[in-house]
Amino acid sequence: MLPGIKVDLGAKPLAGFPGETITEGLDGLRERFAEYYKLGAKFAKWRAVIDIGSGIPTLYAIDANAEALARYATLCQEAGIVPIIEPEVLMDGGHPLDRCEEVTNLVLDRVFEHLFAARVFLEGMVLKPNMVVPGKKSTQR
């Protein structure tokens, strides 16, 4: 068994983008990682929340969260901690399966674009993706 820690501070409303969120917690993360490493943390987790709805997600919200995931992952690896990257497209809502697939593909594409740009060592991270399913309120099963 290996100890790990969730390091994000939760999803907060993304200013200027109603219905969308940004995961916070990057400020001071380098210093927190140094402490977590001393305490024995071997991995950390950061969750980005992407909702599907009318007009959302926007590319801006996807990219803002993808960049935060990449910055978190780089700081993790710098500290000797394995990052668990969780870009979660929510199952809530009435969207059909194909819309979830479309959004999930876009989110994963953008996350990996930012991971590459941030020089994250991909072999040294864990991806925790969402399941591609119709929304809970969808009539499609």
# chains A, B, ... in the order shown; residues from 1 in each chain; ligands from 1

$ select_by_dssp --residues "range 4-140 of chain A" --states "helix (DSSP H, G or I)" --output "PyMOL selection string"
chain A and resi 29-38+59-79+97-117+122-124

$ residues_around --residues "range 6-14 of chain A" --least-positions-apart "2" --cutoff "8 Å" --atoms "only C-alpha atoms" --output "list of chain:residue names"
A:Gly4, A:Gly16, A:Phe17, A:Pro18, A:Gly19, A:Glu20, A:Thr21, A:Ile22, A:Thr23, A:Glu24, A:Gly25, A:Leu26, A:Leu29, A:Ala44, A:Lys45, A:Trp46, A:Arg47, A:Ala48, A:Val49, A:Ala61

$ write_last_selection --atoms "C-alpha atoms" --output "PDB file, in the first residue's frame"
ATOM      1  CA  GLY A   4      -1.215   9.516  -1.506  1.00  0.00           C
ATOM      2  CA  GLY A  16     -17.461  34.778 -16.895  1.00  0.00           C
ATOM      3  CA  PHE A  17     -18.606  31.265 -17.811  1.00  0.00           C
ATOM      4  CA  PRO A  18     -21.934  30.420 -16.135  1.00  0.00           C
ATOM      5  CA  GLY A  19     -22.366  26.726 -15.396  1.00  0.00           C
ATOM      6  CA  GLU A  20     -18.667  25.949 -15.786  1.00  0.00           C
ATOM      7  CA  THR A  21     -16.005  25.370 -13.156  1.00  0.00           C
ATOM      8  CA  ILE A  22     -12.257  25.570 -12.663  1.00  0.00           C
ATOM      9  CA  THR A  23     -10.418  23.451 -10.118  1.00  0.00           C
ATOM     10  CA  GLU A  24      -8.357  25.577  -7.751  1.00  0.00           C
ATOM     11  CA  GLY A  25      -5.313  24.847  -5.628  1.00  0.00           C
ATOM     12  CA  LEU A  26      -2.190  25.622  -7.667  1.00  0.00           C
ATOM     13  CA  LEU A  29       1.364  23.700  -4.398  1.00  0.00           C
ATOM     14  CA  ALA A  44      -1.378  12.803  -5.589  1.00  0.00           C
ATOM     15  CA  LYS A  45      -4.729  13.359  -7.301  1.00  0.00           C
ATOM     16  CA  TRP A  46      -6.250  16.385  -9.035  1.00  0.00           C
ATOM     17  CA  ARG A  47      -9.775  16.361 -10.463  1.00  0.00           C
ATOM     18  CA  ALA A  48     -11.062  18.680 -13.178  1.00  0.00           C
ATOM     19  CA  VAL A  49     -14.855  18.747 -13.514  1.00  0.00           C
ATOM     20  CA  ALA A  61     -13.208  26.048 -19.756  1.00  0.00           C
TER      21      ALA A  61
END

$ closest_residue --among "A:Leu75, A:Val126, A:Leu2, A:Ala70" --to "Gly40 in chain A" --atoms "only C-alpha atoms"
A:Leu2

$ residues_around --residues "Leu39 in chain A" --least-positions-apart "5" --cutoff "12 Å" --atoms "only C-alpha atoms" --output "MDAnalysis selection string"
chainID A and resid 2:5 32:34 81

$ select_by_dssp --residues "chain A" --states "strand (DSSP E or B)" --output "list in words"
Gly4, Ile5, Lys6, Ala11, Lys12, Pro13, Thr21, Ile22, Thr23, Phe43, Ala44, Lys45, Trp46, Arg47, Ala48, Val49, Ile50, Gly53, Ile56, Val82, Pro83, Ile84, Ile85, Glu86, Pro87, Glu88, Val89, Val126 and Leu127 of chain A

$ residues_around --residues "Val133 in chain A" --least-positions-apart "4" --cutoff "10 Å" --atoms "only C-alpha atoms" --output "ChimeraX atom specification"
/A:89-92,95-101,138,140-141

$ write_last_selection --atoms "C-alpha atoms" --output "short mmCIF file (atom, residue, chain, number, x, y, z; two decimals), in the first residue's frame"
data_model
loop_
_atom_site.label_atom_id
_atom_site.label_comp_id
_atom_site.auth_asym_id
_atom_site.auth_seq_id
_atom_site.Cartn_x
_atom_site.Cartn_y
_atom_site.Cartn_z
CA VAL A 89 -16.78 14.67 -17.77
CA LEU A 90 -19.85 14.44 -15.57
CA MET A 91 -22.62 11.89 -16.06
CA ASP A 92 -25.28 14.37 -14.94
CA HIS A 95 -27.04 14.37 -22.98
CA PRO A 96 -26.95 11.31 -25.25
CA LEU A 97 -24.05 8.87 -25.47
CA ASP A 98 -22.57 10.44 -28.61
CA ARG A 99 -22.41 13.88 -26.95
CA CYS A 100 -20.53 12.40 -23.99
CA GLU A 101 -18.13 10.68 -26.39
CA SER A 138 -31.14 10.99 -20.77
CA GLN A 140 -31.20 6.89 -24.05
CA ARG A 141 -30.02 3.75 -22.26
#

$ atom_distance --atom1 "CA of Gly28 in chain A" --atom2 "CA of Leu108 in chain A"
26.4 Å

$ residues_around --residues "Gly94 in chain A" --least-positions-apart "4" --cutoff "8 Å" --atoms "only C-alpha atoms" --output "list in words"
Gly53, Pro134, Gly135, Lys136, Lys137, Ser138 and Thr139 of chain A

$ atom_distance --atom1 "CA of Leu106 in chain A" --atom2 "CA of Leu59 in chain A"
8.8 Å

$ residues_around --residues "Leu115 in chain A" --least-positions-apart "5" --cutoff "9 Å" --atoms "only C-alpha atoms" --output "list in words"
Ala66, Glu67, Leu69, Ala70, Arg71, Ala73, Thr74, Arg110, Val120, Phe121 and Leu122 of chain A

$ write_last_selection --atoms "N, CA, C and O atoms" --output "short mmCIF file (atom, residue, chain, number, x, y, z; two decimals), in the first residue's frame"
data_model
loop_
_atom_site.label_atom_id
_atom_site.label_comp_id
_atom_site.auth_asym_id
_atom_site.auth_seq_id
_atom_site.Cartn_x
_atom_site.Cartn_y
_atom_site.Cartn_z
N ALA A 66 -7.51 21.89 -18.40
CA ALA A 66 -6.41 21.08 -18.94
C ALA A 66 -5.07 21.68 -18.56
O ALA A 66 -4.13 20.96 -18.19
N GLU A 67 -4.96 23.00 -18.63
CA GLU A 67 -3.72 23.66 -18.24
C GLU A 67 -3.45 23.47 -16.75
O GLU A 67 -2.31 23.20 -16.34
N LEU A 69 -4.43 20.96 -14.89
CA LEU A 69 -4.00 19.57 -14.72
C LEU A 69 -2.53 19.40 -15.10
O LEU A 69 -1.77 18.71 -14.41
N ALA A 70 -2.11 20.03 -16.18
CA ALA A 70 -0.72 19.92 -16.64
C ALA A 70 0.24 20.59 -15.66
O ALA A 70 1.31 20.05 -15.35
N ARG A 71 -0.14 21.76 -15.16
CA ARG A 71 0.72 22.45 -14.19
C ARG A 71 0.85 21.64 -12.91
O ARG A 71 1.94 21.51 -12.36
N ALA A 73 0.53 18.35 -12.68
CA ALA A 73 1.32 17.15 -12.98
C ALA A 73 2.81 17.47 -13.01
O ALA A 73 3.63 16.69 -12.51
N THR A 74 3.18 18.60 -13.58
CA THR A 74 4.59 19.00 -13.63
C THR A 74 5.14 19.21 -12.23
O THR A 74 6.24 18.77 -11.91
N ARG A 110 -7.33 17.83 -25.43
CA ARG A 110 -6.81 19.08 -24.89
C ARG A 110 -5.92 18.83 -23.67
O ARG A 110 -4.90 19.50 -23.49
N VAL A 120 5.32 17.00 -19.29
CA VAL A 120 5.01 15.95 -18.31
C VAL A 120 5.50 14.62 -18.86
O VAL A 120 5.28 14.30 -20.03
N PHE A 121 6.18 13.85 -18.02
CA PHE A 121 6.65 12.52 -18.38
C PHE A 121 5.44 11.58 -18.31
O PHE A 121 4.99 11.21 -17.23
N LEU A 122 4.87 11.26 -19.48
CA LEU A 122 3.60 10.53 -19.53
C LEU A 122 3.68 9.15 -18.90
O LEU A 122 2.71 8.68 -18.30
#
